[in-house]
$ cat upload05.cif   # mmCIF, C-alpha atoms and all ligand atoms
data_run
loop_
_atom_site.group_PDB
_atom_site.id
_atom_site.type_symbol
_atom_site.label_atom_id
_atom_site.label_comp_id
_atom_site.auth_asym_id
_atom_site.auth_seq_id
_atom_site.Cartn_x
_atom_site.Cartn_y
_atom_site.Cartn_z
ATOM 1 C CA MET V 25 -34.480 141.544 -164.033
ATOM 2 C CA LYS V 26 -32.740 138.998 -161.809
ATOM 3 C CA LEU V 27 -34.791 135.864 -161.433
ATOM 4 C CA PRO V 28 -34.694 133.660 -158.326
ATOM 5 C CA LYS V 29 -32.397 130.704 -158.828
ATOM 6 C CA ILE V 30 -33.440 127.089 -158.443
ATOM 7 C CA ALA V 31 -31.310 123.937 -158.369
ATOM 8 C CA THR V 32 -32.595 120.367 -158.345
ATOM 9 C CA VAL V 33 -30.898 117.022 -157.759
ATOM 10 C CA TRP V 34 -31.924 113.428 -158.156
ATOM 11 C CA LEU V 35 -30.447 111.169 -155.482
ATOM 12 C CA GLU V 36 -31.737 107.660 -154.581
ATOM 13 C CA GLY V 37 -34.777 107.834 -156.831
ATOM 14 C CA CYS V 38 -36.062 106.683 -160.188
ATOM 15 C CA SER V 39 -36.380 110.109 -161.911
ATOM 16 C CA GLY V 40 -40.159 109.832 -161.719
ATOM 17 C CA CYS V 41 -40.432 112.971 -159.596
ATOM 18 C CA HIS V 42 -38.490 114.991 -162.175
ATOM 19 C CA MET V 43 -40.711 113.470 -164.872
ATOM 20 C CA SER V 44 -43.727 114.723 -162.948
ATOM 21 C CA PHE V 45 -42.085 118.163 -162.816
ATOM 22 C CA LEU V 46 -41.666 118.098 -166.607
ATOM 23 C CA ASP V 47 -45.262 116.945 -166.884
ATOM 24 C CA MET V 48 -46.570 120.296 -165.603
ATOM 25 C CA ASP V 49 -47.276 121.271 -169.236
ATOM 26 C CA GLU V 50 -48.027 125.001 -169.569
ATOM 27 C CA ASP V 51 -47.284 125.528 -165.869
ATOM 28 C CA LEU V 52 -43.697 124.632 -166.743
ATOM 29 C CA LEU V 53 -43.490 127.626 -169.127
ATOM 30 C CA ASN V 54 -45.002 129.831 -166.465
ATOM 31 C CA ILE V 55 -42.454 128.663 -163.847
ATOM 32 C CA PHE V 56 -39.471 128.925 -166.192
ATOM 33 C CA SER V 57 -40.414 132.509 -167.074
ATOM 34 C CA ARG V 58 -40.060 133.372 -163.383
ATOM 35 C CA VAL V 59 -36.933 131.448 -162.308
ATOM 36 C CA GLU V 60 -33.426 130.598 -163.434
ATOM 37 C CA LEU V 61 -32.667 126.885 -163.284
ATOM 38 C CA THR V 62 -28.969 126.746 -162.396
ATOM 39 C CA ASP V 63 -28.232 123.063 -161.839
ATOM 40 C CA SER V 64 -30.458 120.095 -162.503
ATOM 41 C CA PRO V 65 -30.376 116.624 -164.047
ATOM 42 C CA ILE V 66 -32.490 118.104 -166.834
ATOM 43 C CA THR V 67 -29.713 120.616 -167.611
ATOM 44 C CA ASP V 68 -27.187 117.765 -167.665
ATOM 45 C CA PHE V 69 -24.836 119.150 -165.047
ATOM 46 C CA LYS V 70 -21.668 117.244 -164.305
ATOM 47 C CA ASP V 71 -20.625 118.354 -160.832
ATOM 48 C CA PHE V 72 -22.212 119.406 -157.596
ATOM 49 C CA ASN V 73 -20.651 122.846 -157.090
ATOM 50 C CA PHE V 74 -23.966 124.570 -156.582
ATOM 51 C CA GLN V 75 -24.466 128.316 -156.785
ATOM 52 C CA ASP V 76 -26.363 130.107 -154.028
ATOM 53 C CA VAL V 77 -30.023 129.501 -154.851
ATOM 54 C CA ALA V 78 -33.369 130.641 -153.525
ATOM 55 C CA LEU V 79 -34.697 127.096 -153.733
ATOM 56 C CA GLY V 80 -32.988 123.727 -153.706
ATOM 57 C CA ILE V 81 -35.017 120.639 -154.570
ATOM 58 C CA ILE V 82 -34.147 117.011 -153.874
ATOM 59 C CA GLU V 83 -35.749 113.969 -155.472
ATOM 60 C CA GLY V 84 -34.881 110.635 -153.936
ATOM 61 C CA GLY V 85 -33.744 109.386 -150.594
ATOM 62 C CA ILE V 86 -30.198 108.999 -149.345
ATOM 63 C CA ALA V 87 -28.500 105.641 -149.538
ATOM 64 C CA ASN V 88 -24.793 106.231 -150.065
ATOM 65 C CA GLU V 89 -22.021 108.519 -148.856
ATOM 66 C CA GLU V 90 -21.902 110.609 -152.026
ATOM 67 C CA GLN V 91 -25.607 111.404 -151.700
ATOM 68 C CA VAL V 92 -25.056 112.595 -148.114
ATOM 69 C CA GLU V 93 -22.438 115.055 -149.382
ATOM 70 C CA ILE V 94 -24.630 116.273 -152.252
ATOM 71 C CA ALA V 95 -27.584 116.860 -149.928
ATOM 72 C CA LYS V 96 -25.377 118.781 -147.482
ATOM 73 C CA LYS V 97 -23.889 120.914 -150.265
ATOM 74 C CA LEU V 98 -27.296 121.789 -151.681
ATOM 75 C CA ARG V 99 -28.687 122.536 -148.201
ATOM 76 C CA GLU V 100 -25.784 124.891 -147.554
ATOM 77 C CA LYS V 101 -26.473 126.821 -150.774
ATOM 78 C CA SER V 102 -30.276 126.910 -150.568
ATOM 79 C CA LYS V 103 -32.426 129.453 -148.744
ATOM 80 C CA ILE V 104 -35.308 126.976 -148.897
ATOM 81 C CA LEU V 105 -34.909 123.231 -149.352
ATOM 82 C CA MET V 106 -37.853 121.285 -150.770
ATOM 83 C CA VAL V 107 -38.000 117.484 -151.091
ATOM 84 C CA TRP V 108 -40.085 115.819 -153.802
ATOM 85 C CA GLY V 109 -41.625 112.384 -153.540
ATOM 86 C CA ASP V 110 -41.950 109.567 -151.044
ATOM 87 C CA CYS V 111 -38.308 108.479 -151.430
ATOM 88 C CA ALA V 112 -37.084 111.878 -150.266
ATOM 89 C CA VAL V 113 -39.888 112.456 -147.750
ATOM 90 C CA PHE V 114 -40.117 109.014 -146.100
ATOM 91 C CA GLY V 115 -37.369 106.893 -147.671
ATOM 92 C CA GLY V 116 -39.925 105.304 -149.999
ATOM 93 C CA ILE V 117 -39.352 102.136 -151.952
ATOM 94 C CA ASN V 118 -35.601 102.273 -151.281
ATOM 95 C CA THR V 119 -36.218 101.293 -147.671
ATOM 96 C CA LEU V 120 -37.197 97.778 -148.793
ATOM 97 C CA ARG V 121 -33.500 97.033 -148.577
ATOM 98 C CA ASN V 122 -33.249 98.070 -144.939
ATOM 99 C CA ALA V 123 -34.143 94.592 -143.673
ATOM 100 C CA PHE V 124 -30.865 93.303 -145.130
ATOM 101 C CA SER V 125 -27.191 94.139 -144.725
ATOM 102 C CA THR V 126 -25.391 95.961 -147.532
ATOM 103 C CA GLN V 127 -23.330 92.819 -148.149
ATOM 104 C CA GLU V 128 -26.516 90.759 -148.580
ATOM 105 C CA ILE V 129 -27.919 93.365 -150.981
ATOM 106 C CA LEU V 130 -24.782 93.430 -153.128
ATOM 107 C CA GLN V 131 -24.507 89.650 -153.088
ATOM 108 C CA ARG V 132 -28.111 89.271 -154.238
ATOM 109 C CA GLY V 133 -27.942 92.041 -156.853
ATOM 110 C CA TYR V 134 -24.627 91.219 -158.474
ATOM 111 C CA ILE V 135 -24.178 87.481 -157.912
ATOM 112 C CA GLU V 136 -27.323 85.584 -157.008
ATOM 113 C CA THR V 137 -30.010 86.922 -159.335
ATOM 114 C CA GLU V 138 -31.350 84.236 -161.630
ATOM 115 C CA SER V 139 -30.167 86.037 -164.784
ATOM 116 C CA THR V 140 -26.587 86.615 -163.573
ATOM 117 C CA VAL V 141 -23.719 84.664 -165.106
ATOM 118 C CA ASN V 142 -20.237 84.909 -163.547
ATOM 119 C CA GLY V 143 -21.350 87.816 -161.385
ATOM 120 C CA ALA V 144 -19.037 89.910 -159.239
ATOM 121 C CA ILE V 145 -19.588 92.752 -156.814
ATOM 122 C CA PRO V 146 -17.965 95.830 -158.389
ATOM 123 C CA VAL V 147 -15.195 97.456 -156.381
ATOM 124 C CA HIS V 148 -13.680 100.788 -157.417
ATOM 125 C CA GLU V 149 -12.577 103.880 -155.572
ATOM 126 C CA SER V 150 -14.996 106.012 -157.656
ATOM 127 C CA LEU V 151 -18.030 104.010 -156.544
ATOM 128 C CA PRO V 152 -19.913 105.581 -153.634
ATOM 129 C CA VAL V 153 -20.046 103.518 -150.454
ATOM 130 C CA LEU V 154 -23.545 102.327 -149.549
ATOM 131 C CA LEU V 155 -24.975 103.391 -146.204
ATOM 132 C CA GLU V 156 -26.295 100.603 -144.019
ATOM 133 C CA LYS V 157 -29.833 101.950 -144.532
ATOM 134 C CA ALA V 158 -31.650 103.974 -147.208
ATOM 135 C CA LEU V 159 -33.103 106.989 -145.403
ATOM 136 C CA PRO V 160 -35.183 110.111 -146.022
ATOM 137 C CA VAL V 161 -33.413 113.401 -146.659
ATOM 138 C CA ASN V 162 -34.304 114.953 -143.291
ATOM 139 C CA ARG V 163 -32.176 112.379 -141.490
ATOM 140 C CA PHE V 164 -29.154 114.302 -142.809
ATOM 141 C CA VAL V 165 -30.182 117.920 -143.485
ATOM 142 C CA THR V 166 -32.967 120.282 -142.478
ATOM 143 C CA VAL V 167 -35.899 120.256 -144.895
ATOM 144 C CA ASP V 168 -38.301 123.195 -145.229
ATOM 145 C CA VAL V 169 -40.958 121.841 -147.610
ATOM 146 C CA TYR V 170 -42.218 118.271 -148.079
ATOM 147 C CA VAL V 171 -44.096 117.188 -151.220
ATOM 148 C CA PRO V 172 -45.115 113.530 -150.774
ATOM 149 C CA GLY V 173 -46.411 111.250 -153.509
ATOM 150 C CA CYS V 174 -44.869 108.618 -155.769
ATOM 151 C CA PRO V 175 -44.464 110.739 -157.673
ATOM 152 C CA PRO V 176 -46.126 113.932 -156.466
ATOM 153 C CA SER V 177 -48.611 115.076 -159.087
ATOM 154 C CA PRO V 178 -47.616 117.873 -161.479
ATOM 155 C CA ASP V 179 -50.340 119.962 -159.817
ATOM 156 C CA ALA V 180 -48.793 119.439 -156.395
ATOM 157 C CA ILE V 181 -45.362 120.419 -157.689
ATOM 158 C CA ALA V 182 -46.764 123.483 -159.480
ATOM 159 C CA TYR V 183 -48.721 124.512 -156.369
ATOM 160 C CA CYS V 184 -45.623 124.342 -154.161
ATOM 161 C CA LEU V 185 -43.409 126.195 -156.647
ATOM 162 C CA ASN V 186 -46.011 128.942 -157.071
ATOM 163 C CA GLU V 187 -46.415 129.332 -153.319
ATOM 164 C CA ILE V 188 -42.654 129.619 -152.807
ATOM 165 C CA LEU V 189 -42.325 132.122 -155.663
ATOM 166 C CA GLN V 190 -44.958 134.232 -153.924
ATOM 167 C CA GLY V 191 -42.948 134.184 -150.700
ATOM 168 C CA ARG V 192 -44.953 131.563 -148.844
ATOM 169 C CA ILE V 193 -43.907 128.192 -147.431
ATOM 170 C CA PRO V 194 -46.475 125.857 -148.990
ATOM 171 C CA VAL V 195 -48.706 123.546 -147.043
ATOM 172 C CA LEU V 196 -49.850 120.939 -149.529
ATOM 173 C CA PRO V 197 -53.661 120.576 -149.624
ATOM 174 C CA THR V 198 -54.795 117.064 -148.673
ATOM 175 C CA ASP V 199 -56.344 116.405 -152.091
ATOM 176 C CA MET V 200 -52.898 116.893 -153.686
ATOM 177 C CA MET V 201 -51.193 114.340 -151.450
ATOM 178 C CA HIS V 202 -51.610 111.473 -153.937
ATOM 179 C CA PHE V 203 -51.000 111.014 -157.614
ATOM 180 C CA ASP V 204 -54.362 110.988 -159.437
HETATM 181 S S1 LIG Q 1 -41.010 108.972 -155.013
HETATM 182 FE FE1 LIG Q 1 -41.603 107.474 -156.576
HETATM 183 S S2 LIG Q 1 -41.385 108.602 -158.498
HETATM 184 FE FE2 LIG Q 1 -40.210 109.756 -156.952
HETATM 185 S S3 LIG Q 1 -38.131 108.947 -157.077
HETATM 186 FE FE3 LIG Q 1 -39.193 107.732 -155.513
HETATM 187 S S4 LIG Q 1 -39.972 105.926 -156.626
HETATM 188 FE FE4 LIG Q 1 -39.464 107.478 -158.160
#
$ encode --input "upload05.cif" --output "structure tokens"
Amino acid sequence: MKLPKIATVWLEGCSGCHMSFLDMDEDLLNIFSRVELTDSPITDFKDFNFQDVALGIIEGGIANEEQVEIAKKLREKSKILMVWGDCAVFGGINTLRNAFSTQEILQRGYIETESTVNGAIPVHESLPVLLEKALPVNRFVTVDVYVPGCPPSPDAIAYCLNEILQGRIPVLPTDMMHFD
């Protein structure tokens, strides 16, 4: 039997949303018996050439040019796109940097911090260029399902996955909006 395919990515985030996903305990076994996970940080994938999937999932906001491209690629390949966590939904903690210019951020992070000795801002063609602002995913691509929380609870993630697997676009109950 062909199982619906799911791909997940972790953009400007801390991995906490994926940790919450893994924290679903027995629900995780239930979900994995009903889907095929094609690409995900937890499968250690090395590129972003996504297959066509029934569901794409993004953790994290968008703060550099590479992340814009990854979000667009996953959107293009996903029938439904779900975003996990406040970073992806609202911009989250990443937006603390939006009051400053990218140059000020890099200067502070790589040169001025109290623990830095002989600091230098790294420059290399392989390093993604920072956007002027860290932004939520829907500023770049259309999002179908929002799961707020920092991180969303395992129950909220399980609820949304189960709803989607039963052919419904989930509306998260209010009591699942916060991590308990
Ligand atoms: S929403 Fe919270 S847990 Fe998820 S990536 Fe952002 S900071 Fe981490």
$ residues_around --input "upload05.cif" --residues "region 156-158 of chain V" --least-positions-apart "5" --cutoff "7 Å" --atoms "all atoms listed in the file" --output "PyMOL selection string"
chain V and resi 85-87+115+118-119+122+125-126
$ residues_around --input "upload05.cif" --residues "region 144-147 of chain V" --least-positions-apart "5" --cutoff "10 Å" --atoms "all atoms listed in the file" --output "list of chain:residue names"
V:Gln127, V:Leu130, V:Gln131, V:Arg132, V:Gly133, V:Tyr134, V:Ile135, V:Glu136, V:Pro152, V:Val153
$ atom_distance --input "upload05.cif" --atom1 "CA of Lys97 (chain V)" --atom2 "CA of Leu196 (chain V)"
26.0 Å
$ atom_distance --input "upload05.cif" --atom1 "CA of Thr67 (chain V)" --atom2 "CA of Ile55 (chain V)"
15.5 Å
$ closest_atom_pairs --input "upload05.cif" --of "chain V" --to "ligand LIG 1 (chain Q)" --cutoff "9 Å" --atoms "only C-alpha atoms and all ligand atoms" --output "tab-separated table"
residue	atom	partner	partner_atom	distance
V:Trp34	CA	Q:LIG1	S3	7.7
V:Leu35	CA	Q:LIG1	S3	8.2
V:Glu36	CA	Q:LIG1	S3	7.0
V:Gly37	CA	Q:LIG1	S3	3.5
V:Cys38	CA	Q:LIG1	FE4	4.0
V:Ser39	CA	Q:LIG1	S3	5.3
V:Gly40	CA	Q:LIG1	S2	3.7
V:Cys41	CA	Q:LIG1	FE2	4.2
V:His42	CA	Q:LIG1	FE2	7.6
V:Met43	CA	Q:LIG1	S2	8.0
V:Ser44	CA	Q:LIG1	S2	7.9
V:Glu83	CA	Q:LIG1	S3	5.8
V:Gly84	CA	Q:LIG1	S3	4.8
V:Gly85	CA	Q:LIG1	FE3	7.5
V:Trp108	CA	Q:LIG1	FE2	6.8
V:Gly109	CA	Q:LIG1	S1	3.8
V:Asp110	CA	Q:LIG1	S1	4.1
V:Cys111	CA	Q:LIG1	FE3	4.2
V:Ala112	CA	Q:LIG1	S1	6.8
V:Val113	CA	Q:LIG1	S1	8.1
V:Phe114	CA	Q:LIG1	S1	9.0
V:Gly115	CA	Q:LIG1	FE3	8.1
V:Gly116	CA	Q:LIG1	FE3	6.1
V:Ile117	CA	Q:LIG1	S4	6.0
V:Asn118	CA	Q:LIG1	FE3	7.8
V:Pro172	CA	Q:LIG1	S1	7.5
V:Gly173	CA	Q:LIG1	S1	6.1
V:Cys174	CA	Q:LIG1	FE1	3.6
V:Pro175	CA	Q:LIG1	S2	3.8
V:Pro176	CA	Q:LIG1	FE2	7.3
$ closest_residue --input "upload05.cif" --among "V:Phe56, V:Arg163, V:Met106, V:Gln91" --to "Ile181 (chain V)" --atoms "only C-alpha atoms"
V:Met106
$ residues_around --input "upload05.cif" --residues "Leu151 (chain V)" --least-positions-apart "5" --cutoff "10 Å" --atoms "only C-alpha atoms" --output "number ranges by chain"
V: 88-90, 146
$ write_last_selection --input "upload05.cif" --atoms "C-alpha atoms" --output "PDB file, in the coordinates of the input"
ATOM      1  CA  ASN V  88     -24.793 106.231-150.065  1.00  0.00           C
ATOM      2  CA  GLU V  89     -22.021 108.519-148.856  1.00  0.00           C
ATOM      3  CA  GLU V  90     -21.902 110.609-152.026  1.00  0.00           C
ATOM      4  CA  PRO V 146     -17.965  95.830-158.389  1.00  0.00           C
TER       5      PRO V 146
END
$ resolve_selection --input "upload05.cif" --expression "the PyMOL selection byres (((chain V and resi 166) around 12) and not hetatm)" --output "MDAnalysis selection string"
chainID V and resid 80 82 95:100 102:107 113 160:165 167:170
$ atom_distance --input "upload05.cif" --atom1 "CA of Met48 (chain V)" --atom2 "CA of Asp179 (chain V)"
6.9 Å
$ resolve_selection --input "upload05.cif" --expression "the PyMOL selection byres (((chain V and resi 63) around 7) and not hetatm)" --output "list in words"
Ala31, Thr32, Leu61, Thr62, Ser64, Thr67, Phe69 and Phe74 of chain V
$ closest_residue --input "upload05.cif" --among "V:Pro194, V:Phe72, V:Ala78, V:Tyr183" --to "Glu93 (chain V)" --atoms "only C-alpha atoms"
V:Phe72
$ closest_residue --input "upload05.cif" --among "V:Met201, V:Ile30, V:Val92, V:Leu155" --to "Ile188 (chain V)" --atoms "all atoms listed in the file"
V:Ile30
